[in-house]
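Here is the structure we will look at.
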Amino acid sequence: MTAGTWTLEERDGELASLTRWWYEAAAGAGRLVLVGGDAGAGKTALIHAFGRRLGDARLLSGSSEPLATPLPLGPLRDMTGALPDRLSRELSGTPDPVKVRRLLLDELREGGGVATCVVLDDAQWADEATLDLLRFLGRRLGTCRALVVVAYRQDEVGPRHPLRVLAGDLATLPAVRRLTVPMLSEAAVARLASGTGIDPGELHRRTGGNAFFVTQVLGDGGATVPATVRDAVLARAARLEPGPRDALDALACLGTRAAPWLVEAVSGRSARELDACVERGLLTDEQGAVAFRHELVRIAVEQAIPPGQAAELHRRALAVLTARPPGEVEPARLAEHAQRAGDRASVLVHAPLAAQRASALGSHKEAAAHLRRALDALGAIPAADRAGLLEELGRESHLADDLEAALRARQAAVDAWREAGDRRRQGGALVALAITAAHLAREIPLGEKACDEALGLLAGPPPTPELALACAVRAKLSAMAFRHAEALAWGERLLAMTGDGTDPQGRALALSSIGIGRALGGDAAGLGLIGESVRLARAAAAHDQAGLAYFWLQLICVTRRWYAEAERWYGEALAFTDDHGQEVWRQWLRAFHSRALLDQGRWEEAEALASEVLRTAGVDDGRKMLSMVVLGRLRARRGDSDPRPLLATVRSTMVTAEPVVGWIIGPAPALAEAVTYTGDTGQVRAIATSVSAAAAEQGEPWLLGELASWLALVDGPPAVTPDVAEPYRLQLSGRPRAAAARWQELGCPYEAALALAGTADEGLLREALTAFDRLGAGPMRDITARRLRRLGVRDIPRRPSRTAGPDGLSAREQEVLTLLADGLRNAEIAQALFLSRRTVEHHVAAVLRKLRVANRAEAARYARHHGVAVR
């Protein structure tokens with residue numbers, strides 16, 4: 001048997017699934033299919049076999065490459081020959097990632113009258129822009145006659161891998177399907193090995209049923225089974241003459257595939273030498289290029305090249321490729337060869353250009369990697385040059401949602417500009433540092449200090465853009481500390497600086513600051529000013545500024561409990577951040593929305609959304625902490641697993657920032673609530689009083705009211721002050737019916753029931769009991785029932801059972817099943833859901849019992865077959 005001639009074994013079910021989804025897509029119900037499996041399991045062979053079934057349908061195919069820093073939109077660039085001219089031109093020029101996504105979506109919707117299948121292989125190496133593209137398509141494919149198949153190595157995608165995050169983000173979408181390609185059984189291996197003289201049992205044991213390993217061993221024609229596939233590959237390569245072997249080594253250094261002329265130029269051997277490699281089954285011919293049959297083959301060949309020879313091949317490749325016409329070769333590829341050749345000067349030339357290119361396409365993670373490569377190659381260069389690179393690294397790391405790295409880079413940039421003696425650039429770097437620190441809630445004190453230092457450096461005429469931004473950031477920091485009058489004053493100062501209004505971006509910053517100050521002070525008209533700032537920012541293509549304004553709209557509306565306004569802006573904001581790949585802002589919006597859903601009694605939705613944010617947010621910043629508080633309150637209110645460790649983690653993480661932004665995140669009142677249900681009154685008092693002084697100084701009415709309400713359960717009603725939010729004021733002054741009515745007007749059913757449950761009136765307690773039953777609020781339901789019994793009431797209805805999905809699983813169990821089907825172990829599931837490992841073990845056991853399956857593998861098959869996703 002030669003490589004490539006083996007039959008496709010044990011893939012009938014997977015082919016049938018792909019075919020079914022293709023017919024659904026061709027009928028107008030687009031599908032995005034995530035095809036996972038270990039390296040060598042046969043994903044690509046399966047997809048090729050499926051592609052042969054498509055007939056005259058349009059097939060677009062591309063793959064990511066295993067470069068140290070992936071090419072931005074690499075898979076899409078592979079397809080340019082088959083894409084319409086407008087999209088190809090956009091990709092080849094200075095691309096706008098938003099326009100690229102829109103053009104591709106339009107193409108999939110129109111499709112020239114035929115259905116389209118798009119294949120993206122090796123997505124485990126995909127860049128950030130490609131993942132953003134998939135996220136964008138996954139939410140919009142439902143009306144397209146298109147099937148998008150994304151293949152990836154499941155064994156290389158850990159719980160925090162960006163592709164795993166993407167899969168979790170798309171899990172609930174109706175267009176998304178999942179498929180896992182398993183290893184071959186021993187019976188399948190026996191059929192493939194029939195007539196070769198190789199012991200099939202030993203072959204299966206040595207290869208683990210890995211389809212690629214099996215075919216490599218069989219293709220080598222050996223009578224014994226090598227210990228590793230590397231041995232099988234190198235045994236075949238060793239039989240090559242020197243010419244073909246040199247060409248093979250050159251190709252291994254160039255990448256997975258390359259044009260024959262390029263291999264010839266780098267290897268110094270005729271391109272005809274590649275024919276012997278194809279005949280040996282090491283390479284394939286792909287539309288004018290030669291490619292390794294599998295990445296594992298390339299790795300085996302490359303690792304066998306002596307280091308000195310490998311560096312020389314990379315030097316030759318760099319020389320050949322830099323001589324090509326400008327724009328023909330991606331700077332990322334040139335930077336890769338320069339680094340592997342040890343050419344520091346060339347790295348400093350190509351890596352910054354590669355970073356610019358990646359940033360323009362929205363691949364900020366890759367841009368940051370190129371900038372780090374350039375910084376590593378620096379010698380004794382001026383501080384200003386180093387500072388410029390550090391500033392860019394800070395910006396790209398921030399946009400890539402790597403806030404810890406952004407903070408380090410921006411602090412280093414401040415130091416470098418100080419060393420260079422450039423006060424203006426130092427001030428700008430300090431403002432950037434303040435922006436990142438504000439995102440990392442625990443670093444807000446650092447942000448305030450940096451912003452104040454920047455204002456000192458930048459003060460004085462003439463006003464500069466850096467000074468305007470510093471004023472805007474100072475206004476936002478003041479607003480975060482609930483110093484809304486101060487925020488308003490900074491906004492007025494900024495508005496005066498914009499002069500004749502010819503600077504729409506500066507005016508947008510000013511209106512946003514003024515609107516925030518007014519809205520936080522209770523004037524809902526301030527929302528209109530923030531909305532106007534959004535319009536100005538969008539018109540000026542200041543996308544980050546618009547995303548920030550949307551963030552503030554949600555923060556204010558949710559914390560002021562203006563839920564109708566929050567809902568009105570939420571859809572528009574989410575669509576904008578989605579279109580522009582602003583995952584940081586999008587996750588913030590979703591975190592606030594989960595809080596709004598919690599407040600409005602939509603607990604299943606709140607849990608699902610908060611859990612998704614926790615799984616997909618990149619750092620332990622305010623998004624995660626807000627989501628953890630939402631989940632902690634849900635667990636407390638429903639009587640689920642003990643929420644106190646989770647909430648205590650939030651408090652300890654943001655210990656320095658809690659006096660500033662505790663009113664936004666709310667860990668202290670949430671923990672006080674959770675402890676209240678345990679009956680530990682002393683602990684409730686300790687928690688509430690630990691933050692009461694700072695809360696009173698800050699004066700945020702909702703935080704003051706909630707802290708007072710939990711303290712009232714311990715120490716009795718306090719003296720009610722006018723600065724407490726109205727529903728709490730009514731409740732604390734002994735007017736539970738009026739308080740409950742006001743809570744209902746606001747849309748907060750749980751708080752309304754709490755107001756009624758604090759009385760000794762049987763009628764009000766019965767109303768509270770009914771509300772708690774409807775919400776599934778077990779602890780307060782039990783407390784209320786006990787109060788009724790103490791009044792002598794005996795006809796108390798039984799607690800209703802919790803609802804479950806059609807398969808009998810609770811929402812949490814469905815969530816666990818989704819992750820289990822994605823290949824995560826218990827420890828990884830616990831990490832993703834912020835649960836203890838023991839709790840996850842209980843959930844997994846419940847899933848297996850309710851589904852009546854014997855093990856995790858069968859549960860995963862059930863999930864894939866029935867399309868189970870988190871509801």
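Just remember, in the structure tokens the first chain shown is A, the second B, etc., residues are 1-based per chain, and ligands are 1-based in the order shown.
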With region 345-356 of chain A as the partner and 12 Å as the cut-off, tabulate the residues of region 69-102 of chain A that qualify, each row holding the nearest pair of atoms and their distance in Å to one decimal, using only C-alpha atoms, sorted by chain and rising number, as CSV.
```
residue,atom,partner,partner_atom,distance
A:Thr69,CA,A:Ala354,CA,9.6
A:Pro70,CA,A:Ala354,CA,10.4
A:Leu71,CA,A:Ala354,CA,8.9
A:Pro72,CA,A:Ala354,CA,9.3
A:Thr94,CA,A:Gln356,CA,10.0
A:Pro95,CA,A:Gln356,CA,11.3
```
Query raised in the report: Tell me, which residues of region 106-350 of chain A carry DSSP alpha helix (DSSP H), written as number ranges by chain?
Result: A: 106-110, 128-138, 162-170, 186-193, 200-207, 211-220, 229-238, 242-254, 260-267, 274-279, 295-303, 307-322, 331-341, 344-350
Query raised in the report: When you draw a straight line from CA of Pro797 (chain A) to CA of Arg766 (chain A), how long is it in Å?
Result: 9.9 Å
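Per DSSP on the backbone, strand (DSSP E or B) in region 44-152 of chain A comprises A:Arg58, A:Leu59, A:Leu60, A:Ser61, A:Gly62, A:Ser63, A:Thr116, A:Cys117, A:Val118, A:Val119, A:Leu120, A:Asp121, A:Ala146, A:Leu147, A:Val148, A:Val149, A:Val150, A:Ala151, A:Tyr152.
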Expected file contents, prior selection, C-alpha atoms, as a short mmCIF file (atom, residue, chain, number, x, y, z; two decimals), in the first residue's frame:
```cif
data_model
loop_
_atom_site.label_atom_id
_atom_site.label_comp_id
_atom_site.auth_asym_id
_atom_site.auth_seq_id
_atom_site.Cartn_x
_atom_site.Cartn_y
_atom_site.Cartn_z
CA ARG A 58 -18.41 26.00 -5.10
CA LEU A 59 -15.60 24.93 -2.77
CA LEU A 60 -13.30 27.49 -1.12
CA SER A 61 -10.40 26.05 0.83
CA GLY A 62 -7.59 27.49 2.93
CA SER A 63 -5.51 26.60 5.95
CA THR A 116 -20.78 27.37 -1.14
CA CYS A 117 -18.63 25.17 1.07
CA VAL A 118 -15.78 26.95 2.85
CA VAL A 119 -13.07 24.81 4.46
CA LEU A 120 -10.57 26.22 6.97
CA ASP A 121 -8.04 23.59 7.97
CA ALA A 146 -23.13 28.14 2.85
CA LEU A 147 -21.40 25.51 4.93
CA VAL A 148 -18.23 26.58 6.75
CA VAL A 149 -16.11 23.65 7.95
CA VAL A 150 -13.40 24.43 10.50
CA ALA A 151 -10.95 21.61 11.24
CA TYR A 152 -8.61 21.73 14.19
#
```
Query - Residues near Leu334 (chain A), cut-off 8 Å, only C-alpha atoms, skip fewer than 6 positions along chain, as a PyMOL selection string - result: chain A and resi 318+321-322+350
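Distances from A:Thr284, A:Gln216, A:Ser512, A:Gln831 to Arg160 (chain A) were compared using only C-alpha atoms, and the smallest one belongs to A:Gln831.
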Sorted per-residue table, region 331-395 of chain A near region 253-259 of chain A, closest atoms and distance, 10 Å, only C-alpha atoms, as JSON lines:
```
{"residue": "A:Arg333", "atom": "CA", "partner": "A:Leu254", "partner_atom": "CA", "distance": 9.1}
{"residue": "A:Glu336", "atom": "CA", "partner": "A:Leu254", "partner_atom": "CA", "distance": 9.8}
{"residue": "A:His337", "atom": "CA", "partner": "A:Leu254", "partner_atom": "CA", "distance": 8.3}
{"residue": "A:Arg340", "atom": "CA", "partner": "A:Cys253", "partner_atom": "CA", "distance": 9.4}
```
Based on the selection just made, write N, CA, C and O atoms of those residues as a PDB file, in the first residue's frame.
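Ended up saving to result.pdb:
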```pdb
ATOM      1  N   ARG A 333       6.181  36.533   7.020  1.00  0.00           N
ATOM      2  CA  ARG A 333       7.002  35.416   6.545  1.00  0.00           C
ATOM      3  C   ARG A 333       8.479  35.813   6.521  1.00  0.00           C
ATOM      4  O   ARG A 333       9.359  35.014   6.877  1.00  0.00           O
ATOM      5  N   GLU A 336       9.800  35.794  10.029  1.00  0.00           N
ATOM      6  CA  GLU A 336      10.002  34.422  10.497  1.00  0.00           C
ATOM      7  C   GLU A 336      11.351  33.881  10.019  1.00  0.00           C
ATOM      8  O   GLU A 336      12.137  33.333  10.798  1.00  0.00           O
ATOM      9  N   HIS A 337      11.628  34.057   8.726  1.00  0.00           N
ATOM     10  CA  HIS A 337      12.903  33.571   8.192  1.00  0.00           C
ATOM     11  C   HIS A 337      14.078  34.338   8.801  1.00  0.00           C
ATOM     12  O   HIS A 337      15.127  33.746   9.086  1.00  0.00           O
ATOM     13  N   ARG A 340      14.761  32.938  12.292  1.00  0.00           N
ATOM     14  CA  ARG A 340      15.334  31.588  12.264  1.00  0.00           C
ATOM     15  C   ARG A 340      16.738  31.586  11.668  1.00  0.00           C
ATOM     16  O   ARG A 340      17.520  30.670  11.930  1.00  0.00           O
TER      17      ARG A 340
END
```
Query raised in the report: Quick one, how far is CA of Asn826 (chain A) from CA of Val840 (chain A)?
Result: 6.3 Å
Query - Long-range neighbours of region 609-619 of chain A as a count of residues only, 7 Å cut-off, only C-alpha atoms, 6 positions minimum in chain - result: 15
Query raised in the report: Residues at most 8 Å from region 791-795 of chain A, counting only C-alpha atoms, excluding those fewer than 3 positions away in the same chain, as number ranges by chain?
Result: A: 760, 762, 787-788
Query - Leu851 (chain A) surroundings by only C-alpha atoms, 10 Å radius, close-in-sequence under 4 positions cut, as an NGL selection string - result: :A and (807-809 or 846-847 or 858-859 or 862-863)
